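Okay, start06.txt now, which holds compact mmCIF, C-alpha atoms and all ligand atoms:
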```
# COMPACT_ATOMS: atom_id res chain seq x y z
CA ARG A 121 1.74 -4.71 -2.04
CA GLU A 122 2.06 -2.15 0.67
CA ALA A 123 -0.97 0.04 1.16
CA LYS A 124 -0.15 3.73 1.34
CA LYS A 125 -0.44 4.78 4.95
CA LYS A 126 -2.06 8.09 5.73
CA ILE A 127 0.51 10.80 6.26
CA PRO A 128 -0.43 13.23 9.01
CA SER A 129 -0.05 16.97 8.75
CA TYR A 130 1.40 18.84 11.70
CA ALA A 131 0.82 22.38 12.93
CA GLY A 132 4.04 24.36 12.65
CA LEU A 133 5.57 22.16 9.97
CA GLU A 134 4.09 23.97 6.96
CA ARG A 135 7.50 24.52 5.38
CA TYR A 136 7.90 20.77 4.82
CA LYS A 137 5.67 18.43 2.87
CA LEU A 138 5.84 14.93 4.30
CA LEU A 139 6.18 12.29 1.57
CA SER A 140 6.48 8.87 3.23
CA LYS A 141 7.30 7.24 6.54
CA MET A 142 10.89 6.00 6.89
CA GLY A 143 11.02 4.73 10.45
CA ASP A 144 9.32 4.76 13.78
CA GLY A 145 10.29 4.35 17.38
CA ALA A 146 8.61 4.57 20.74
CA PHE A 147 8.56 8.35 20.87
CA SER A 148 9.35 9.36 17.31
CA ASP A 149 8.32 8.93 13.68
CA VAL A 150 10.69 9.72 10.86
CA TYR A 151 9.39 10.92 7.49
CA LYS A 152 10.93 11.61 4.15
CA ALA A 153 9.93 15.19 3.30
CA VAL A 154 10.58 18.07 0.97
CA ASP A 155 11.23 21.72 1.79
CA VAL A 156 8.47 23.45 -0.20
CA ASN A 157 10.58 26.58 -0.68
CA THR A 158 13.89 25.10 -1.80
CA LEU A 159 12.64 21.64 -2.94
CA GLN A 160 15.46 20.13 -0.88
CA LYS A 161 14.65 16.59 0.27
CA VAL A 162 15.11 16.02 3.99
CA ALA A 163 14.17 13.64 6.79
CA VAL A 164 11.93 14.93 9.58
CA LYS A 165 12.04 13.25 12.98
CA VAL A 166 8.77 14.00 14.77
CA VAL A 167 8.81 13.71 18.54
CA ARG A 168 5.51 13.90 20.38
CA LYS A 169 5.72 16.02 23.51
CA TYR A 170 2.79 14.34 25.20
CA GLU A 171 2.85 10.57 24.96
CA LEU A 172 -0.39 10.08 26.82
CA SER A 173 -2.99 12.76 27.26
CA PRO A 174 -3.91 13.53 30.89
CA VAL A 175 -7.51 12.62 30.06
CA GLN A 176 -6.50 9.12 29.07
CA LEU A 177 -4.53 8.77 32.26
CA VAL A 178 -7.42 9.98 34.41
CA TYR A 179 -9.43 7.01 33.20
CA GLU A 180 -6.62 4.56 33.63
CA ASN A 181 -5.31 5.71 36.99
CA ASN A 182 -6.27 8.55 39.23
CA PHE A 183 -5.89 12.25 38.68
CA ALA A 184 -2.84 12.85 40.88
CA ASN A 185 -1.05 10.01 39.18
CA ALA A 186 -2.01 11.42 35.82
CA LEU A 187 -0.47 14.75 36.59
CA THR A 188 2.86 13.42 37.86
CA GLN A 189 3.16 10.97 35.04
CA LYS A 190 2.44 13.64 32.45
CA ASN A 191 5.03 15.91 33.99
CA ASN A 192 7.61 13.17 34.20
CA ASN A 193 7.12 12.09 30.61
CA LEU A 194 7.35 15.66 29.49
CA LYS A 195 10.44 16.42 31.53
CA PHE A 196 12.19 13.28 30.41
CA GLN A 197 11.50 13.85 26.73
CA ARG A 198 12.33 17.52 26.85
CA ALA A 199 15.68 16.84 28.50
CA SER A 200 16.68 14.11 26.09
CA ILE A 201 15.55 15.81 22.88
CA VAL A 202 17.22 19.09 23.85
CA LYS A 203 20.43 17.20 24.56
CA GLU A 204 20.19 15.35 21.26
CA VAL A 205 19.74 18.65 19.40
CA GLN A 206 22.50 20.43 21.35
CA ILE A 207 24.94 17.65 20.55
CA MET A 208 23.97 17.37 16.88
CA ARG A 209 24.19 21.13 16.36
CA ASN A 210 27.95 21.02 16.91
CA LEU A 211 28.62 18.14 14.55
CA LYS A 212 29.64 18.40 10.94
CA HIS A 213 31.19 15.35 9.29
CA PRO A 214 30.46 13.29 6.14
CA SER A 215 29.89 10.17 8.31
CA ILE A 216 27.34 11.85 10.57
CA VAL A 217 23.73 12.65 9.73
CA GLN A 218 23.59 16.44 9.60
CA LEU A 219 21.03 18.33 11.66
CA LEU A 220 19.58 20.98 9.34
CA GLY A 221 17.03 22.56 11.64
CA PHE A 222 14.96 22.27 14.78
CA ILE A 223 11.32 23.30 15.23
CA ASP A 224 9.64 23.42 18.66
CA THR A 225 5.83 23.63 18.60
CA LYS A 226 3.17 23.20 21.26
CA GLU A 227 2.78 19.48 20.73
CA HIS A 228 5.87 18.34 18.88
CA TYR A 229 9.57 18.72 18.36
CA PHE A 230 10.76 18.40 14.77
CA LEU A 231 14.33 17.57 13.89
CA ILE A 232 15.08 18.41 10.28
CA LEU A 233 17.80 16.00 9.17
CA GLU A 234 19.92 15.24 6.16
CA LEU A 235 18.04 12.55 4.22
CA CYS A 236 19.59 9.07 3.97
CA GLU A 237 17.62 7.41 1.18
CA GLY A 238 19.45 4.10 1.39
CA GLY A 239 17.87 3.23 4.73
CA GLU A 240 19.26 1.23 7.60
CA LEU A 241 22.36 -0.92 7.40
CA PHE A 242 20.19 -3.22 9.52
CA HIS A 243 17.86 -3.88 6.59
CA ARG A 244 20.84 -4.97 4.51
CA VAL A 245 22.19 -7.48 6.98
CA VAL A 246 19.09 -9.06 8.51
CA HIS A 247 18.13 -12.55 7.50
CA LEU A 248 21.60 -13.82 6.78
CA THR A 249 22.56 -11.30 4.23
CA TYR A 250 26.24 -10.58 4.54
CA PHE A 251 28.85 -8.38 2.92
CA SER A 252 32.11 -9.17 1.16
CA GLU A 253 35.22 -8.22 3.15
CA GLU A 254 35.80 -5.32 0.83
CA LEU A 255 32.30 -3.94 1.21
CA SER A 256 32.34 -4.55 4.97
CA ARG A 257 35.60 -2.61 5.18
CA HIS A 258 34.17 0.21 3.10
CA CYS A 259 31.14 0.51 5.40
CA ILE A 260 32.88 0.05 8.74
CA LEU A 261 35.63 2.50 7.78
CA GLN A 262 33.10 5.25 7.26
CA VAL A 263 31.46 4.50 10.60
CA ALA A 264 34.93 4.43 12.20
CA LYS A 265 35.80 7.83 10.77
CA GLY A 266 32.61 9.19 12.25
CA ILE A 267 33.51 7.66 15.61
CA TYR A 268 37.04 9.09 15.41
CA TYR A 269 35.53 12.51 14.86
CA LEU A 270 33.17 12.07 17.83
CA HIS A 271 35.72 10.55 20.25
CA GLU A 272 38.87 12.41 19.37
CA GLU A 273 37.71 15.74 18.01
CA LYS A 274 34.44 16.39 19.82
CA GLY A 275 34.68 14.44 23.08
CA ILE A 276 31.36 12.75 22.45
CA VAL A 277 30.34 9.12 22.89
CA HIS A 278 27.40 7.88 20.83
CA ARG A 279 26.37 4.94 23.08
CA ASP A 280 23.85 3.49 20.62
CA ILE A 281 25.92 2.28 17.68
CA LYS A 282 23.94 -0.50 15.98
CA PRO A 283 22.83 -1.34 12.44
CA GLU A 284 19.45 0.44 12.93
CA ASN A 285 21.28 3.69 13.58
CA LEU A 286 23.68 3.42 10.65
CA LEU A 287 22.13 4.73 7.44
CA PHE A 288 23.08 4.59 3.78
CA ASP A 289 22.81 7.92 1.98
CA LYS A 290 21.80 6.18 -1.28
CA ILE A 291 20.94 2.71 -2.57
CA SER A 292 23.31 0.94 -4.94
CA PHE A 293 24.18 -2.70 -4.56
CA MET A 294 24.87 -5.82 -6.52
CA GLU A 295 23.52 -8.88 -4.79
CA ARG A 296 24.35 -12.56 -5.07
CA THR A 297 22.94 -15.59 -3.27
CA SER A 298 25.10 -17.95 -1.26
CA PRO A 299 24.13 -21.61 -0.81
CA LEU A 300 24.93 -21.66 2.93
CA PRO A 301 21.99 -22.29 5.30
CA PRO A 302 21.91 -20.29 8.56
CA PRO A 303 23.46 -21.46 11.85
CA GLY A 304 21.36 -23.38 14.38
CA PRO A 305 19.61 -26.76 14.48
CA ASP A 306 19.55 -28.00 10.90
CA ASP A 307 16.03 -29.43 11.07
CA GLU A 308 14.65 -25.89 11.22
CA GLU A 309 14.37 -23.25 8.52
CA LYS A 310 16.13 -25.35 5.89
CA GLU A 311 14.93 -23.10 3.12
CA ASP A 312 16.52 -20.07 4.77
CA GLU A 313 19.47 -19.28 2.55
CA GLY A 314 22.21 -16.74 3.01
CA GLU A 315 22.56 -13.87 0.68
CA PHE A 316 25.87 -12.29 -0.17
CA ILE A 317 26.15 -8.63 -1.03
CA ASP A 318 29.17 -7.88 -3.11
CA GLY A 319 28.68 -4.23 -3.92
CA VAL A 320 31.87 -4.09 -5.96
CA GLY A 321 31.12 -2.73 -9.40
CA GLY A 322 27.63 -1.76 -8.29
CA GLY A 323 28.12 1.74 -9.64
CA GLY A 324 29.43 3.37 -6.48
CA ILE A 325 28.56 2.33 -2.98
CA GLY A 326 26.82 4.92 -0.87
CA ARG A 327 28.16 6.55 2.25
CA VAL A 328 27.25 5.19 5.65
CA LYS A 329 26.20 7.77 8.23
CA ILE A 330 25.75 7.61 11.99
CA ALA A 331 22.27 8.68 13.14
CA ASP A 332 20.32 8.88 16.41
CA PHE A 333 22.16 10.88 19.06
CA GLY A 334 19.33 10.30 21.54
CA LEU A 335 21.60 8.44 23.98
CA SER A 336 24.86 10.22 23.27
CA LYS A 337 26.85 12.09 25.85
CA VAL A 338 29.52 14.78 25.99
CA ILE A 339 32.55 13.51 27.89
CA TRP A 340 34.59 16.68 27.55
CA ASP A 341 33.90 20.03 26.00
CA LYS A 342 36.00 22.80 24.56
CA GLN A 343 36.58 24.46 27.96
CA THR A 344 37.89 21.39 29.74
CA ALA A 345 39.70 19.86 26.78
CA THR A 346 43.16 21.28 26.83
CA PRO A 347 45.30 18.92 24.79
CA CYS A 348 48.64 19.89 26.34
CA GLY A 349 47.94 22.29 29.22
CA THR A 350 46.26 21.01 32.36
CA VAL A 351 46.18 17.33 31.43
CA GLY A 352 48.63 16.62 34.27
CA TYR A 353 45.97 17.61 36.78
CA THR A 354 43.22 15.28 35.53
CA ALA A 355 42.30 12.61 38.10
CA PRO A 356 42.79 8.97 37.08
CA GLU A 357 39.07 8.15 37.54
CA ILE A 358 38.20 10.88 35.03
CA VAL A 359 40.68 9.49 32.52
CA ARG A 360 39.36 5.98 33.17
CA ASP A 361 35.72 7.08 32.85
CA GLU A 362 36.46 8.67 29.52
CA ARG A 363 38.19 5.56 28.27
CA TYR A 364 35.35 3.34 29.48
CA SER A 365 32.64 5.39 27.82
CA LYS A 366 34.49 5.46 24.50
CA ALA A 367 35.10 1.71 24.80
CA VAL A 368 31.31 1.18 24.73
CA ASP A 369 31.20 2.44 21.14
CA MET A 370 34.18 0.26 20.19
CA TRP A 371 32.48 -2.91 21.47
CA ALA A 372 29.42 -1.99 19.42
CA LEU A 373 31.60 -1.36 16.38
CA GLY A 374 32.99 -4.88 16.79
CA CYS A 375 29.47 -6.31 16.92
CA VAL A 376 28.52 -4.42 13.76
CA LEU A 377 31.64 -5.57 11.89
CA TYR A 378 31.07 -9.20 12.93
CA THR A 379 27.46 -8.99 11.73
CA LEU A 380 28.39 -7.40 8.40
CA LEU A 381 30.85 -10.18 7.59
CA CYS A 382 28.64 -13.18 8.36
CA GLY A 383 25.03 -11.98 8.55
CA PHE A 384 24.32 -12.86 12.18
CA PRO A 385 25.36 -11.17 15.42
CA PRO A 386 28.27 -12.38 17.62
CA PHE A 387 26.06 -12.78 20.69
CA TYR A 388 22.67 -14.36 20.43
CA ASP A 389 20.39 -16.45 22.57
CA GLU A 390 16.62 -16.89 22.84
CA SER A 391 16.91 -16.36 26.58
CA ILE A 392 17.87 -12.84 27.65
CA GLN A 393 19.56 -14.31 30.73
CA THR A 394 21.84 -16.59 28.74
CA LEU A 395 22.53 -13.82 26.26
CA THR A 396 23.54 -11.47 29.07
CA GLN A 397 25.91 -14.11 30.45
CA LYS A 398 27.46 -14.70 27.05
CA VAL A 399 28.06 -10.98 26.58
CA ALA A 400 29.47 -10.57 30.10
CA LYS A 401 31.99 -13.33 29.41
CA GLY A 402 32.61 -12.13 25.87
CA GLU A 403 31.67 -15.62 24.68
CA PHE A 404 31.57 -15.64 20.91
CA GLU A 405 32.93 -17.80 18.11
CA PHE A 406 33.87 -17.52 14.49
CA LEU A 407 31.40 -20.25 13.55
CA SER A 408 32.30 -22.71 10.83
CA PRO A 409 31.51 -22.77 7.94
CA TRP A 410 30.38 -19.12 7.81
CA TRP A 411 33.75 -17.79 8.89
CA ASP A 412 35.96 -20.30 7.04
CA GLU A 413 36.71 -18.05 4.10
CA ILE A 414 37.11 -14.84 6.08
CA SER A 415 40.64 -13.50 6.54
CA SER A 416 42.54 -13.91 9.81
CA GLU A 417 43.16 -10.14 9.86
CA ALA A 418 39.40 -9.49 10.02
CA LYS A 419 39.05 -12.00 12.86
CA ASP A 420 42.00 -10.50 14.70
CA LEU A 421 40.48 -7.03 14.50
CA ILE A 422 37.09 -8.26 15.76
CA SER A 423 38.76 -10.09 18.66
CA HIS A 424 40.45 -6.84 19.73
CA LEU A 425 37.07 -5.09 19.75
CA LEU A 426 35.05 -7.82 21.46
CA THR A 427 37.45 -7.82 24.40
CA VAL A 428 35.70 -7.85 27.78
CA ASN A 429 38.40 -5.81 29.51
CA ALA A 430 37.76 -2.24 28.40
CA ASP A 431 41.37 -1.25 29.14
CA GLU A 432 42.59 -3.78 26.61
CA ARG A 433 39.88 -3.18 24.01
CA TYR A 434 41.04 -1.32 20.91
CA THR A 435 40.46 2.42 20.81
CA ILE A 436 39.34 4.09 17.60
CA VAL A 437 42.97 5.10 16.93
CA GLN A 438 44.13 1.48 17.24
CA PHE A 439 41.22 0.36 15.06
CA LEU A 440 42.22 2.69 12.24
CA ASP A 441 45.81 1.49 12.56
CA HIS A 442 44.99 -2.24 12.26
CA PRO A 443 46.34 -4.09 9.18
CA TRP A 444 42.84 -5.14 8.01
CA ILE A 445 41.97 -1.46 7.70
CA LYS A 446 45.37 -0.01 6.83
CA ASN A 447 46.69 -2.58 4.37
CA ALA A 448 43.44 -2.80 2.45
CA PRO A 449 43.83 -3.55 -1.25
CA SER A 450 44.19 -0.01 -2.58
CA LYS A 451 41.13 1.43 -4.27
CA SER A 452 41.16 4.74 -6.07
CA SER A 453 37.61 5.33 -4.87
CA GLN A 454 38.35 5.15 -1.13
CA PRO A 455 36.03 7.45 0.80
CA LYS A 456 37.73 10.31 2.63
P1 LIG A 501 14.84 6.54 17.60
O1 LIG A 501 15.42 7.34 18.72
O2 LIG A 501 13.36 6.40 17.68
O3 LIG A 501 15.56 5.24 17.41
P2 LIG A 501 16.16 7.41 15.15
O4 LIG A 501 16.78 8.75 15.05
O5 LIG A 501 17.07 6.25 15.28
O6 LIG A 501 15.07 7.44 16.33
O7 LIG A 501 15.21 7.18 13.90
C1 LIG A 501 14.41 6.01 13.78
C2 LIG A 501 14.56 5.40 12.40
O8 LIG A 501 14.16 6.35 11.40
C3 LIG A 501 15.98 5.02 12.01
O9 LIG A 501 16.33 3.74 12.49
C4 LIG A 501 15.91 5.08 10.49
O10 LIG A 501 15.28 3.92 9.96
C5 LIG A 501 14.97 6.27 10.24
N1 LIG A 501 15.76 7.51 10.08
C6 LIG A 501 16.22 8.31 11.05
N2 LIG A 501 16.91 9.36 10.57
C7 LIG A 501 16.88 9.23 9.22
C8 LIG A 501 17.43 10.01 8.12
N3 LIG A 501 18.14 11.12 8.34
N4 LIG A 501 17.22 9.55 6.87
C9 LIG A 501 16.51 8.42 6.68
N5 LIG A 501 15.96 7.66 7.63
C10 LIG A 501 16.14 8.05 8.90
MG MG A 502 17.43 4.67 16.60
```

The structure in this file should be written as C-alpha cells.
Ligand code: ADP
Ligand code: MG
Amino acid sequence: REAKKKIPSYAGLERYKLLSKMGDGAFSDVYKAVDVNTLQKVAVKVVRKYELSPVQLVYENNFANALTQKNNNLKFQRASIVKEVQIMRNLKHPSIVQLLGFIDTKEHYFLILELCEGGELFHRVVHLTYFSEELSRHCILQVAKGIYYLHEEKGIVHRDIKPENLLFDKISFMERTSPLPPPGPDDEEKEDEGEFIDGVGGGGIGRVKIADFGLSKVIWDKQTATPCGTVGYTAPEIVRDERYSKAVDMWALGCVLYTLLCGFPPFYDESIQTLTQKVAKGEFEFLSPWWDEISSEAKDLISHLLTVNADERYTIVQFLDHPWIKNAPSKSSQPK
C-alpha cells in the first residue's frame, strides 16, 4: 500500500487546500486541491522559482558561477511559465484543460487548473493495455477537436502532444484481458499479457483534455491573422513555417493513435541512436498479430499522419475528414 506522502503548505496559497499529489516533473509538482471558499476541486501546478539556492551552488561551484546560474535558471523559468500562462489564458474549449487562475509569489508560481481526475491517458496505455477502435476513436477525436481549435482558431501549436499530457476528466472504464503476449523476443517477459480496454457500456467515457502548454507557441495572433485580407502578401517561408509547426502536432497525434490501438508506440528502440534513425526514416510497421484485427481505415489514417514529408502529412482538417473518423458507426452519445 502506498504510504501517504507529506503534503507541503505554501506561502501565498492559503485559498487552496492541497489534498494529494497528482504528478511531478523537473520543475513542477501538480496537486489535487480544493478552493476553501467555494469548495471547488482544482489542480494546482506548483513551479519553483529557484531550482537551486545560491548557497548550494556556492559550495558546488564558485560564487560567480552561482550567480549567473541562478539568474539563468530564473530567467528561463520566468519566460516559459509566463508564456504558458499567457497562452492558456486565451483558451477556452472542452478539450483543453482550463486555466482558472495564476498566483505569483516570492518563491513559486501557481497555476490553478481545471481538475482532471481520470489522470493521464499514458497510465491507461502503458504495459500493453490497448483500446478498442471505438474507444480509441472517441479519445483521439476529442484530442483532435482540441488541436483543431488550437491550430485553426487560435494559431497555436502545442508541440508536446503525448499520452502524459492528455488527461481524462473522470474515471470510468470496463476492462478485459487479451491473451496476446507483447512484441519482442519471446523468451523474455512471457507472463506479460496485453490488456484490452473496451469502455463501451462503461457508464459514459470521460472527456480527454490537452494539458501542459509549457512548450507551446503562438504562430499567428489576432493582429496578423486576417483570413481574407492581406494573405496575398504573406511570404512563402512564413506559410511553410506555419505548416511545419502544425505538422509537428499531427505527427504526435499519429503516434498517440497508434499507441492507443495496440498498446505500444510506433517507434521504439533501446538505443536512442537507432530510435532517432527509425523516426527520421519514418520506419514503423503494423506488427502482426497485434494489428491483424484492426481496420484498414485506421491503418490508412495512421500512415497519413506518420508521413516523414511534412508537406504531405495530414493536417487537422484532413484528419477530421478521414473515413475512419467521419464514417464512424453512429453513436447518440458522440462528444461535441
Ligand atoms: P510538466 O511541464 O512538468 O510536464 P504538466 O503540466 O504536464 O507539467 O503536469 C505534470 C503532470 O501532472 C501531468 O502529466 C499530469 O499527470 C498531472 N496534471 C497536470 N495537470 C493536471 C490537471 N489539470 N488535472 C490532473 N492532473 C494534472
Ligand atoms: Mg507534461

Fill in the blank from the handout: From the list A:Phe406, A:Tyr269, A:Phe147, A:Tyr229, the nearest residue to Val164 (chain A) using only C-alpha atoms is A:Tyr229

Problem - Nearest-residue call for Val166 (chain A), choices A:Pro449, A:Gly275, A:Gly143, A:Gly352, using all atoms listed in the file - result: A:Gly143

Exercise for the section: Kindly give the distance, in Å, that separates CA of Ala367 (chain A) and CA of Ala430 (chain A), rounded to a single decimal. Expected result: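 Atom-to-atom, CA of Ala367 (chain A) to CA of Ala430 (chain A), that is 6.0 Å.
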
Practice task
Residues up to 6 Å from ligand LIG 501 (chain A), counting all atoms listed in the file: could you list those as a ChimeraX atom specification?
Solution key: /A:142-146,148,150,163,217,233-237,239-240,284-285,331-332,334

Exercise for the section: Might you pull out every residue within 12 Å of His442 (chain A), with all atoms listed in the file counted and same-chain residues fewer than 4 positions away left off, and present them as a ChimeraX atom specification? Expected result: /A:257,261,417-425,434-438,446-448

Exercise for the section: Kindly indicate which residue among A:Asn429, A:Thr379, A:Ser336, A:Gln397 lies nearest to ligand MG 502 (chain A), using all atoms listed in the file for the distances. Expected result: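 Comparing A:Asn429, A:Thr379, A:Ser336, A:Gln397 against ligand MG 502 (chain A), the winner is A:Ser336.
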
Practice task
Go through A:His213, A:Arg327, A:Lys282, A:Lys274 one by one, measure the shortest atom-to-atom distance of each to ligand MG 502 (chain A) using all atoms listed in the file, and give the residue with the smallest value.
Solution key: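 Of A:His213, A:Arg327, A:Lys282, A:Lys274, the one nearest ligand MG 502 (chain A) is A:Lys282, counting all atoms listed in the file.
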